[in-house]
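Chemist: Take a look at input15.txt, compact mmCIF, C-alpha atoms:
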# COMPACT_ATOMS: atom_id res chain seq x y z
CA MET Q 209 191.03 162.25 -1.47
CA PRO Q 210 188.82 164.72 -3.39
CA ALA Q 211 190.72 167.23 -5.54
CA SER Q 212 189.29 170.14 -3.57
CA ASP Q 213 190.78 168.67 -0.37
CA SER Q 214 194.16 167.86 -1.86
CA ILE Q 215 197.08 168.74 0.36
CA TYR Q 216 198.89 169.65 -2.83
CA ASN Q 217 196.10 171.78 -4.31
CA PHE Q 218 197.97 174.71 -5.83
CA THR Q 219 195.12 176.12 -7.90
CA CYS Q 220 193.78 179.60 -7.30
CA SER Q 221 190.02 179.99 -7.30
CA HIS Q 222 187.82 183.04 -7.77
CA VAL Q 223 186.39 184.49 -4.59
CA THR Q 224 183.03 186.27 -4.74
CA GLN Q 225 180.47 187.52 -2.29
CA PRO Q 226 176.80 186.55 -2.80
CA ALA Q 227 175.32 188.63 -5.59
CA ASN Q 228 172.18 189.39 -3.60
CA SER Q 229 172.08 189.66 0.16
CA GLY Q 230 168.29 189.71 0.25
CA ARG Q 231 167.69 193.43 0.55
CA GLU Q 232 167.62 196.16 -2.06
CA GLY Q 233 170.91 197.91 -2.67
CA ALA Q 234 172.88 195.72 -0.30
CA ASP Q 235 174.17 193.25 -2.85
CA THR Q 236 177.95 193.17 -2.99
CA VAL Q 237 180.28 191.41 -5.37
CA THR Q 238 184.03 191.24 -4.89
CA ARG Q 239 185.45 191.09 -8.37
CA LEU Q 240 189.06 190.02 -8.27
CA SER Q 241 191.40 191.07 -11.02
CA GLN Q 242 191.98 188.81 -13.99
CA ARG Q 243 195.65 189.18 -13.14
CA VAL Q 244 195.42 187.47 -9.75
CA ALA Q 245 193.06 184.80 -11.07
CA GLN Q 246 195.89 183.52 -13.29
CA VAL Q 247 198.29 183.09 -10.39
CA LYS Q 248 198.73 179.99 -8.24
CA PRO Q 249 200.03 179.95 -4.66
CA SER Q 250 203.71 179.01 -4.34
CA ALA Q 251 203.89 175.22 -4.26
CA THR Q 252 207.01 175.12 -2.11
CA ILE Q 253 205.48 177.43 0.49
CA ALA Q 254 202.21 175.47 0.40
CA VAL Q 255 204.00 172.18 1.06
CA SER Q 256 206.05 173.66 3.90
CA MET Q 257 202.95 175.15 5.50
CA LYS Q 258 201.12 171.81 5.26
CA ALA Q 259 204.07 169.98 6.80
CA ALA Q 260 204.17 172.54 9.64
CA GLU Q 261 200.42 172.07 10.24
CA LEU Q 262 200.80 168.30 10.45
CA LYS Q 263 203.73 168.62 12.85
CA ALA Q 264 201.71 170.99 15.03
CA ALA Q 265 198.93 168.37 15.06
CA GLY Q 266 201.38 165.81 16.43
CA ARG Q 267 202.38 164.01 13.22
CA ASP Q 268 205.98 162.87 12.79
CA ILE Q 269 206.84 164.71 9.58
CA ILE Q 270 210.12 165.02 7.70
CA SER Q 271 209.90 168.03 5.41
CA LEU Q 272 212.05 167.97 2.28
CA GLY Q 273 210.01 170.75 0.71
CA MET Q 274 211.52 174.12 1.55
CA GLY Q 275 214.70 175.47 -0.02
CA GLU Q 276 216.16 176.89 3.16
CA PRO Q 277 219.59 176.04 4.58
CA ASP Q 278 219.46 174.43 8.00
CA PHE Q 279 222.64 176.25 9.06
CA ASP Q 280 222.49 179.32 11.25
CA THR Q 281 223.63 182.65 9.85
CA PRO Q 282 227.39 182.94 10.58
CA ASP Q 283 228.24 184.83 13.77
CA HIS Q 284 230.17 187.67 12.17
CA ILE Q 285 227.17 188.49 10.01
CA LYS Q 286 224.78 188.48 12.96
CA GLN Q 287 227.22 190.65 14.94
CA ALA Q 288 227.24 193.23 12.14
CA ALA Q 289 223.47 193.50 12.52
CA VAL Q 290 223.75 193.94 16.29
CA GLU Q 291 226.29 196.70 15.81
CA ALA Q 292 224.11 198.38 13.20
CA ILE Q 293 221.25 198.50 15.70
CA ALA Q 294 223.57 199.91 18.36
CA ARG Q 295 224.66 202.65 15.95
CA GLY Q 296 221.04 203.59 15.37
CA GLN Q 297 221.05 202.35 11.77
CA THR Q 298 217.29 201.86 12.00
CA LYS Q 299 215.98 204.48 9.59
CA TYR Q 300 214.96 204.49 5.95
CA THR Q 301 217.81 204.06 3.52
CA ALA Q 302 217.97 204.99 -0.15
CA VAL Q 303 215.36 203.00 -2.08
CA ASP Q 304 218.05 201.13 -4.00
CA GLY Q 305 220.27 200.30 -1.02
CA THR Q 306 222.99 201.78 1.14
CA ALA Q 307 226.22 203.03 -0.38
CA GLU Q 308 228.15 200.51 1.75
CA LEU Q 309 226.20 197.51 0.51
CA LYS Q 310 226.37 198.66 -3.09
CA LYS Q 311 230.15 198.95 -2.74
CA ALA Q 312 230.30 195.40 -1.38
CA ILE Q 313 228.14 194.11 -4.25
CA ILE Q 314 230.32 195.82 -6.84
CA ALA Q 315 233.41 194.28 -5.24
CA LYS Q 316 231.73 190.86 -5.24
CA PHE Q 317 231.00 191.08 -8.98
CA GLN Q 318 234.61 192.06 -9.67
CA ARG Q 319 236.03 189.35 -7.42
CA ASP Q 320 233.79 186.45 -8.37
CA ASN Q 321 232.48 187.20 -11.86
CA GLU Q 322 234.91 189.59 -13.57
CA LEU Q 323 232.02 192.02 -14.09
CA GLU Q 324 232.36 195.78 -13.62
CA TYR Q 325 229.45 197.87 -12.37
CA THR Q 326 228.86 201.35 -10.96
CA PRO Q 327 226.48 202.20 -8.08
CA SER Q 328 223.83 203.44 -10.53
CA GLN Q 329 223.76 199.96 -12.07
CA ILE Q 330 222.93 198.21 -8.78
CA LEU Q 331 219.54 197.75 -7.10
CA VAL Q 332 219.22 196.16 -3.66
CA SER Q 333 215.82 194.59 -2.93
CA SER Q 334 214.01 192.57 -0.29
CA GLY Q 335 215.22 189.30 -1.75
CA ALA Q 336 216.31 188.14 -5.20
CA LYS Q 337 212.66 187.31 -5.85
CA GLN Q 338 211.74 190.98 -5.60
CA SER Q 339 214.61 191.90 -7.92
CA ILE Q 340 213.16 189.59 -10.58
CA TYR Q 341 209.65 190.90 -9.95
CA ASN Q 342 210.88 194.48 -10.35
CA LEU Q 343 212.55 193.54 -13.63
CA LEU Q 344 209.43 191.94 -15.04
CA GLN Q 345 207.23 194.86 -14.03
CA ALA Q 346 209.65 197.35 -15.57
CA LEU Q 347 210.23 195.43 -18.80
CA ILE Q 348 207.24 193.29 -19.79
CA ASP Q 349 204.12 194.49 -21.63
CA PRO Q 350 200.97 192.45 -22.23
CA GLY Q 351 201.66 189.79 -24.83
CA ASP Q 352 205.43 189.85 -24.44
CA GLU Q 353 206.92 186.36 -24.26
CA VAL Q 354 209.41 185.33 -21.60
CA LEU Q 355 211.49 182.20 -22.22
CA ILE Q 356 211.90 179.98 -19.16
CA PRO Q 357 213.92 176.75 -19.26
CA ALA Q 358 211.93 173.96 -17.62
CA PRO Q 359 211.96 172.51 -15.03
CA TYR Q 360 211.83 176.01 -13.55
CA TRP Q 361 211.52 177.68 -10.18
CA VAL Q 362 207.82 177.69 -9.36
CA SER Q 363 207.49 181.49 -9.16
CA TYR Q 364 208.86 182.40 -12.59
CA PRO Q 365 205.73 181.78 -14.71
CA ASP Q 366 203.36 183.45 -12.28
CA MET Q 367 205.56 186.52 -11.90
CA VAL Q 368 205.57 186.78 -15.69
CA ARG Q 369 201.76 186.54 -15.74
CA LEU Q 370 201.47 189.24 -13.09
CA ALA Q 371 203.40 191.52 -15.45
CA GLY Q 372 200.99 190.69 -18.28
CA GLY Q 373 203.50 188.55 -20.13
CA ALA Q 374 203.29 185.04 -21.53
CA PRO Q 375 205.69 182.46 -20.04
CA VAL Q 376 207.12 180.10 -22.66
CA ALA Q 377 208.68 176.91 -21.31
CA LEU Q 378 211.79 175.42 -22.92
CA ASN Q 379 211.29 171.83 -21.82
CA THR Q 380 214.17 169.58 -20.86
CA ASP Q 381 214.39 166.17 -19.23
CA ILE Q 382 216.76 163.78 -17.54
CA GLU Q 383 217.95 162.45 -20.91
CA CYS Q 384 219.45 165.83 -21.85
CA GLU Q 385 220.57 166.44 -18.26
CA PHE Q 386 217.98 169.20 -17.87
CA ARG Q 387 219.93 171.65 -20.03
CA ILE Q 388 218.57 173.65 -22.95
CA THR Q 389 220.47 173.52 -26.24
CA PRO Q 390 221.39 176.38 -28.59
CA ALA Q 391 219.09 174.95 -31.28
CA GLN Q 392 216.19 174.76 -28.83
CA LEU Q 393 216.79 178.32 -27.69
CA ASN Q 394 216.98 179.61 -31.25
CA ALA Q 395 213.78 177.83 -32.26
CA SER Q 396 211.90 179.30 -29.29
CA ILE Q 397 212.60 182.97 -30.04
CA THR Q 398 209.77 184.81 -31.81
CA ASP Q 399 208.94 188.41 -32.66
CA ARG Q 400 207.24 188.66 -29.28
CA THR Q 401 210.13 187.30 -27.20
CA LYS Q 402 211.30 189.98 -24.77
CA LEU Q 403 213.28 188.17 -22.09
CA LEU Q 404 215.12 184.97 -21.22
CA LEU Q 405 215.00 183.96 -17.53
CA PHE Q 406 218.04 181.76 -16.96
CA ASN Q 407 218.80 180.01 -13.66
CA ALA Q 408 221.92 177.92 -13.12
CA PRO Q 409 222.59 175.97 -11.03
CA SER Q 410 218.91 175.32 -11.25
CA ASN Q 411 216.13 175.13 -8.77
CA PRO Q 412 214.85 172.37 -8.94
CA THR Q 413 217.40 170.22 -10.80
CA GLY Q 414 220.73 171.48 -9.47
CA LYS Q 415 222.11 171.41 -13.01
CA GLY Q 416 224.54 174.04 -14.27
CA TYR Q 417 226.35 174.74 -17.52
CA THR Q 418 229.98 174.59 -18.59
CA ARG Q 419 231.67 177.63 -20.07
CA ARG Q 420 231.50 176.02 -23.49
CA GLN Q 421 227.76 175.45 -23.13
CA LEU Q 422 227.22 179.04 -22.02
CA GLU Q 423 229.28 180.35 -24.93
CA ALA Q 424 227.10 178.38 -27.36
CA LEU Q 425 223.93 179.84 -25.85
CA GLY Q 426 225.49 183.28 -25.91
CA GLU Q 427 226.19 183.00 -29.62
CA VAL Q 428 222.46 182.48 -30.23
CA LEU Q 429 221.48 185.38 -27.98
CA LEU Q 430 223.84 187.73 -29.81
CA GLU Q 431 221.78 187.18 -32.95
CA TYR Q 432 218.76 188.79 -31.23
CA PRO Q 433 219.87 192.22 -29.97
CA ARG Q 434 216.39 193.20 -28.72
CA LEU Q 435 216.24 190.21 -26.33
CA VAL Q 436 217.03 190.97 -22.68
CA VAL Q 437 218.61 188.24 -20.55
CA CYS Q 438 218.25 187.76 -16.80
CA THR Q 439 220.58 185.33 -15.07
CA ASP Q 440 219.39 184.21 -11.64
CA ASP Q 441 222.64 183.25 -9.91
CA ILE Q 442 221.26 182.83 -6.39
CA TYR Q 443 222.91 179.37 -6.03
CA GLU Q 444 226.25 180.48 -7.45
CA HIS Q 445 228.29 179.59 -4.38
CA ILE Q 446 226.59 176.26 -3.73
CA TRP Q 447 228.49 174.66 -6.58
CA TRP Q 448 230.61 171.54 -7.14
CA GLY Q 449 230.59 171.23 -10.92
CA GLU Q 450 233.68 169.95 -12.70
CA GLU Q 451 234.55 173.49 -13.79
CA ALA Q 452 234.54 176.63 -11.68
CA PHE Q 453 231.20 178.40 -11.70
CA ALA Q 454 230.78 180.93 -14.52
CA THR Q 455 227.87 183.23 -15.19
CA LEU Q 456 226.72 184.09 -18.70
CA GLY Q 457 228.08 187.62 -18.57
CA GLN Q 458 231.57 186.29 -17.87
CA VAL Q 459 231.78 184.08 -20.92
CA CYS Q 460 229.80 186.37 -23.23
CA PRO Q 461 230.66 189.97 -22.23
CA ALA Q 462 229.07 191.32 -25.43
CA LEU Q 463 225.69 190.66 -23.79
CA LYS Q 464 226.34 192.98 -20.86
CA ASP Q 465 224.39 195.95 -22.22
CA ARG Q 466 221.16 193.87 -22.08
CA LEU Q 467 221.99 191.53 -19.23
CA VAL Q 468 220.55 191.69 -15.71
CA VAL Q 469 222.37 189.58 -13.11
CA VAL Q 470 220.33 188.71 -10.02
CA ASN Q 471 221.82 187.32 -6.83
CA GLY Q 472 221.46 187.57 -3.07
CA VAL Q 473 222.71 186.44 0.31
CA SER Q 474 219.91 184.07 1.33
CA LYS Q 475 221.26 180.72 0.12
CA ALA Q 476 225.05 181.07 0.28
CA TYR Q 477 225.13 182.69 3.73
CA ALA Q 478 222.07 180.99 5.29
CA MET Q 479 220.28 184.34 5.43
CA THR Q 480 216.84 183.48 4.03
CA GLY Q 481 214.95 185.47 6.64
CA TRP Q 482 217.09 188.58 6.24
CA ARG Q 483 215.53 189.20 2.79
CA ILE Q 484 218.34 190.79 0.79
CA GLY Q 485 218.79 190.31 -2.94
CA TYR Q 486 220.28 192.48 -5.62
CA ALA Q 487 220.35 193.08 -9.34
CA ALA Q 488 223.00 194.55 -11.61
CA GLY Q 489 222.32 195.69 -15.14
CA PRO Q 490 222.05 198.54 -17.63
CA GLU Q 491 221.61 201.84 -15.82
CA ALA Q 492 218.43 202.81 -17.68
CA LEU Q 493 216.72 199.52 -16.81
CA ILE Q 494 217.91 199.54 -13.19
CA LYS Q 495 216.49 203.06 -12.87
CA GLU Q 496 213.04 201.85 -13.90
CA MET Q 497 213.29 198.84 -11.57
CA ARG Q 498 214.12 201.26 -8.78
CA LYS Q 499 210.99 203.23 -9.66
CA ILE Q 500 208.87 200.08 -9.31
CA GLN Q 501 210.44 199.33 -5.94
CA GLY Q 502 209.98 202.91 -4.79
CA GLN Q 503 206.24 202.59 -5.31
CA SER Q 504 205.96 199.16 -3.68
CA THR Q 505 208.28 198.13 -0.85
CA SER Q 506 210.73 201.04 -0.93
CA ASN Q 507 214.08 200.22 0.68
CA PRO Q 508 215.06 196.82 2.09
CA CYS Q 509 215.57 196.48 5.84
CA SER Q 510 218.43 198.69 7.01
CA ILE Q 511 219.69 196.13 9.54
CA SER Q 512 219.66 193.37 6.95
CA GLN Q 513 221.66 195.55 4.59
CA ALA Q 514 224.37 195.98 7.23
CA ALA Q 515 224.47 192.22 7.73
CA ALA Q 516 224.63 191.59 3.97
CA THR Q 517 227.55 194.01 3.68
CA ALA Q 518 229.43 192.00 6.29
CA ALA Q 519 228.56 188.78 4.48
CA LEU Q 520 229.91 189.92 1.13
CA ASP Q 521 232.99 191.70 2.52
CA GLY Q 522 233.90 189.14 5.17
CA ASP Q 523 235.74 185.83 5.28
CA GLN Q 524 234.12 183.45 2.78
CA GLN Q 525 235.22 180.24 4.50
CA CYS Q 526 231.76 179.83 6.01
CA VAL Q 527 230.33 179.61 2.48
CA ALA Q 528 232.83 176.93 1.49
CA ASP Q 529 232.09 174.94 4.65
CA MET Q 530 228.34 174.95 4.04
CA CYS Q 531 228.85 174.05 0.39
CA GLN Q 532 230.92 171.03 1.37
CA ALA Q 533 228.14 169.81 3.65
CA PHE Q 534 225.58 170.27 0.88
CA ARG Q 535 227.75 168.27 -1.51
CA GLU Q 536 228.03 165.39 0.96
CA ARG Q 537 224.26 165.36 1.35
CA HIS Q 538 223.81 165.52 -2.43
CA ASP Q 539 226.09 162.56 -3.01
CA TYR Q 540 224.29 160.48 -0.40
CA LEU Q 541 220.75 161.39 -1.47
CA VAL Q 542 221.18 160.96 -5.22
CA ASP Q 543 222.72 157.53 -4.78
CA ALA Q 544 220.03 156.55 -2.27
CA LEU Q 545 217.19 157.72 -4.53
CA ASN Q 546 218.57 155.73 -7.45
CA ASP Q 547 218.41 152.62 -5.26
CA LEU Q 548 214.69 153.09 -4.63
CA PRO Q 549 212.19 151.15 -6.78
CA GLY Q 550 210.89 153.13 -9.75
CA VAL Q 551 213.08 156.20 -9.19
CA ARG Q 552 215.77 157.81 -11.35
CA CYS Q 553 217.73 160.84 -10.22
CA ALA Q 554 220.44 162.74 -12.10
CA ARG Q 555 223.41 164.19 -10.27
CA GLY Q 556 223.43 167.96 -9.84
CA ASP Q 557 226.20 170.53 -10.07
CA GLY Q 558 225.02 172.67 -7.18
CA ALA Q 559 222.10 174.09 -5.17
CA PHE Q 560 220.49 171.80 -2.58
CA TYR Q 561 217.84 169.86 -4.46
CA ALA Q 562 217.48 166.40 -5.92
CA PHE Q 563 214.99 166.16 -8.78
CA ALA Q 564 213.79 162.60 -9.07
CA ASP Q 565 212.01 161.02 -12.04
CA CYS Q 566 209.29 158.96 -10.35
CA ARG Q 567 207.12 158.00 -13.32
CA GLU Q 568 207.85 154.32 -12.97
CA ALA Q 569 207.05 154.42 -9.26
CA ILE Q 570 203.80 156.26 -9.93
CA GLY Q 571 202.74 153.51 -12.31
CA ALA Q 572 203.78 150.72 -9.96
CA LEU Q 573 201.70 152.24 -7.16
CA ASP Q 574 198.77 152.78 -9.53
CA LEU Q 575 198.67 156.50 -8.71
CA ALA Q 576 197.37 159.21 -11.02
CA ASP Q 577 200.39 161.49 -11.10
CA ASP Q 578 203.21 163.11 -9.13
CA VAL Q 579 200.73 165.14 -7.07
CA ALA Q 580 199.08 161.91 -5.93
CA LEU Q 581 202.50 160.45 -5.19
CA GLY Q 582 203.39 163.46 -3.05
CA GLU Q 583 200.13 163.03 -1.13
CA HIS Q 584 200.80 159.32 -0.70
CA LEU Q 585 204.28 159.91 0.71
CA LEU Q 586 203.10 162.58 3.13
CA GLU Q 587 200.08 160.67 4.36
CA SER Q 588 201.60 157.18 4.52
CA VAL Q 589 205.14 157.80 5.78
CA GLY Q 590 205.24 161.48 6.74
CA VAL Q 591 207.72 162.74 4.13
CA ALA Q 592 206.90 166.07 2.49
CA THR Q 593 208.20 166.67 -1.03
CA VAL Q 594 207.18 169.01 -3.85
CA PRO Q 595 205.54 167.52 -6.97
CA GLY Q 596 207.37 168.15 -10.22
CA THR Q 597 204.19 169.50 -11.83
CA ALA Q 598 204.76 172.74 -9.91
CA PHE Q 599 208.11 173.06 -11.69
CA GLY Q 600 206.74 172.26 -15.14
CA ALA Q 601 207.91 168.64 -15.01
CA PRO Q 602 205.08 166.18 -14.24
CA GLY Q 603 206.14 162.78 -12.99
CA HIS Q 604 208.94 164.11 -10.81
CA LEU Q 605 209.48 165.08 -7.18
CA ARG Q 606 211.81 167.73 -5.79
CA LEU Q 607 213.52 166.85 -2.54
CA SER Q 608 215.50 169.47 -0.66
CA PHE Q 609 218.62 168.28 1.12
CA ALA Q 610 218.97 171.47 3.13
CA CYS Q 611 218.78 169.33 6.24
CA GLY Q 612 221.13 167.00 8.11
CA LEU Q 613 222.34 163.63 6.85
CA ASP Q 614 220.59 161.80 9.67
CA THR Q 615 217.29 163.38 8.63
CA LEU Q 616 217.90 162.43 5.00
CA LYS Q 617 218.63 158.83 5.95
CA GLN Q 618 215.39 158.62 7.91
CA ALA Q 619 213.52 160.13 4.96
CA VAL Q 620 215.00 157.65 2.49
CA GLU Q 621 214.11 154.73 4.75
CA ARG Q 622 210.51 155.93 4.86
CA LEU Q 623 210.41 156.54 1.10
CA GLY Q 624 211.68 153.03 0.51
CA SER Q 625 208.87 151.66 2.64
CA ALA Q 626 206.21 153.66 0.79
CA LEU Q 627 207.54 152.87 -2.69
CA SER Q 628 207.80 149.17 -1.99
CA GLN Q 629 204.06 148.84 -1.46
CA GLY Q 630 203.26 148.52 -5.19
Here is the file; what I need is its structure written in the form of structure tokens.
Modeler:
Amino acid sequence: MPASDSIYNFTCSHVTQPANSGREGADTVTRLSQRVAQVKPSATIAVSMKAAELKAAGRDIISLGMGEPDFDTPDHIKQAAVEAIARGQTKYTAVDGTAELKKAIIAKFQRDNELEYTPSQILVSSGAKQSIYNLLQALIDPGDEVLIPAPYWVSYPDMVRLAGGAPVALNTDIECEFRITPAQLNASITDRTKLLLFNAPSNPTGKGYTRRQLEALGEVLLEYPRLVVCTDDIYEHIWWGEEAFATLGQVCPALKDRLVVVNGVSKAYAMTGWRIGYAAGPEALIKEMRKIQGQSTSNPCSISQAAATAALDGDQQCVADMCQAFRERHDYLVDALNDLPGVRCARGDGAFYAFADCREAIGALDLADDVALGEHLLESVGVATVPGTAFGAPGHLRLSFACGLDTLKQAVERLGSALSQG
């Protein structure tokens, strides 16, 4: 298949109109910004869209691409939204969120993370992704470096580029269990380093850190007082590590005055479409993030905010139940992947992804790379995955297990068939 026709073509090309239309004065040229030319489409969204297109065309496709829980939003959360509509809660809210939701977020940080915040230190956004985008726009100047442990969520580097910054990958692999070390972190910090973007448990690897490991990283960060830290804790409650989940601010409270904690309700409460995320951090920085949001999206959806308040304040058993299902799927899928020819997959601590090292399988099938492998699996057996290249880890595939066990078993059977052809 030609590169230009690749179903996994994530490159972004320049778009121009003809320089001369054939008549004087009518020539038009659309000159796109250098900023957008550096940015690639989201690989996970691209894969999901392609899978949806193939399904619509009648193909039998199993999509393991999108990071979206297959569970429905719990009833008490949906009911809170219905009641909000009935009350007429359909107007603009404060740019940074309703007082009720901010109160619920503050209580959540106290309850789950032993972190104390005031309303002026909280910003509610249309998703955790927007919270991170706001942070980067408020903090990063051209040339500033942002450290990103790799494999990383596909959007991190491009959001950094949109802010004019330079993403710097801290590469890890299966041998070090996809965790950065204190020495690696220390060696990566330069005079231009402005921010560390830290995500655990990780998308795509599912790996987290123990308290001892976080403390060791925190000791390095304390040596660089000008360095801001953002912890993306969106998968906090989808966790089965040996220790209870801990965020960096818990184990290293001395970092709090330059720490931004990002979270949201999309993953833990199966509320991806409701689009509510939030950030907590130093008041001065949150104020500037609020300014960015005020000139872009303004406030998040009022109905979604009411639902998110009910999610955070309500019974958390629904979260535990979904987490248990994700763990069962994880245990099945990781073991099954390790039984496939040419595949190695490390166990995760949380989230709902398996990140498989497929380099041996790629060689056995005489394929060029993980992108070609992803194409092969989709075309030959109808299983959609996301190539590791999109996450900064060539030779790997990310498989979401945010789907039922029966679906996963069918997918593994098909993968086994495709990988046995070499």
Chemist: Hey, which of Q:Leu541, Q:Met530, Q:Asp381, Q:Leu422 ends up closest to Pro602 in chain Q? Count all atoms listed in the file.
Modeler: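 Distance minimum relative to Pro602 in chain Q lands on Q:Asp381.
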Chemist: Nearest residue to Gln501 in chain Q out of Q:Ala245, Q:Leu331, Q:Cys460, Q:Ala454, using all atoms listed in the file?
Modeler: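 Among the listed residues, Q:Leu331 lies closest to Gln501 in chain Q.
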Chemist: Pick out the closest residue to Gln618 in chain Q from this set: Q:Glu353, Q:Asp539, Q:Asp268, Q:Asp440. Count all atoms listed in the file.
Modeler: Q:Asp268
Chemist: Set the distance at 9 Å and use all atoms listed in the file: which residues neighbour Gln345 in chain Q once local chain neighbours fewer than 3 positions away are removed? I'd like the list as a list in words.
Modeler: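 Contacts, with the query itself left out: Ile340, Tyr341, Asn342, Ile348, Asp349, Met367, Val368, Leu370, Ala371, Gly372, Met497 and Ile500 of chain Q.
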Chemist: From the options Q:Gln629, Q:Ser608, Q:Asn394, Q:Ser333, which residue's atoms come nearest to Thr413 in chain Q, counting all atoms listed in the file?
Modeler: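 Of the candidates, the smallest distance to Thr413 in chain Q is held by Q:Ser608.
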Chemist: With all atoms listed in the file as the atoms that count, which of Q:Asn321, Q:His584, Q:Ile313, Q:Ile356 lies nearest to Thr455 in chain Q?
Modeler: Q:Asn321
Chemist: Calculate how many Å separate CA of Ala562 in chain Q from CA of Ala544 in chain Q, rounding to one decimal.
Modeler: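 Those two atoms sit 10.8 Å apart.
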Chemist: Name all residues at most 7 Å from range 449-451 of chain Q (count all atoms listed in the file; drop same-chain ones fewer than 6 positions away) and give them as a list in words.
Modeler: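 Listing them by chain and then by number gives Thr418, Asp557 and Gly558 of chain Q.
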Chemist: Could you list, as a PyMOL selection string, every residue within 10 Å of Arg483 in chain Q, counting all atoms listed in the file and ignoring same-chain residues fewer than 3 positions away?
Modeler: chain Q and resi 333-338+472-474+479-480+508-509+512-513+516
Chemist: Can you pull out every residue within 7 Å of Pro409 in chain Q, counting only C-alpha atoms, but drop anything in the same chain fewer than 5 positions away, and send it as a PyMOL selection string?
Modeler: chain Q and resi 414-416+443-444+557-559
Chemist: May I ask for the distance between CA of Gly624 in chain Q and CA of Gln532 in chain Q, given in Å to one decimal place?
Modeler: 26.4 Å
Chemist: Rank Q:Leu520, Q:Leu616, Q:Val247, Q:Ile494 by their smallest atom-to-atom distance to Ser363 in chain Q, using all atoms listed in the file, and report the top residue only.
Modeler: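 So, comparing all the options, the nearest one is Q:Val247.
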Chemist: Which polymer residues, whether protein, DNA or RNA, lie within 12 Å of the coordinate (204.9, 160.7, -5.9) when you count all atoms listed in the file? List them as a ChimeraX atom specification, using the chain letters and numbers from the file.
Modeler: /Q:216,550-551,563-588,591-597,602-607,623,626-627
Chemist: Give me, as an mmCIF file with C-alpha atoms, keeping the file's coordinate frame, all polymer residues having an atom no more than 6 Å from Val469 in chain Q, counting all atoms listed in the file and skipping those fewer than 6 positions away in the same chain.
Modeler:
data_model
loop_
_atom_site.group_PDB
_atom_site.id
_atom_site.type_symbol
_atom_site.label_atom_id
_atom_site.label_comp_id
_atom_site.auth_asym_id
_atom_site.auth_seq_id
_atom_site.Cartn_x
_atom_site.Cartn_y
_atom_site.Cartn_z
ATOM 1 C CA CYS Q 438 218.250 187.760 -16.800
ATOM 2 C CA THR Q 439 220.580 185.330 -15.070
ATOM 3 C CA ALA Q 487 220.350 193.080 -9.340
ATOM 4 C CA ALA Q 488 223.000 194.550 -11.610
#
Chemist: Could you please determine the separation between CA of Glu385 in chain Q and CA of Ala554 in chain Q in Å, to one decimal place?
Modeler: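 Going from CA of Glu385 in chain Q over to CA of Ala554 in chain Q covers 7.2 Å.
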Chemist: Can you find the residues with an atom no farther than 12 Å from (217.7, 166.3, -23.5), counting all atoms listed in the file, and report them as a PyMOL selection string?
Modeler: chain Q and resi 357-359+378-392
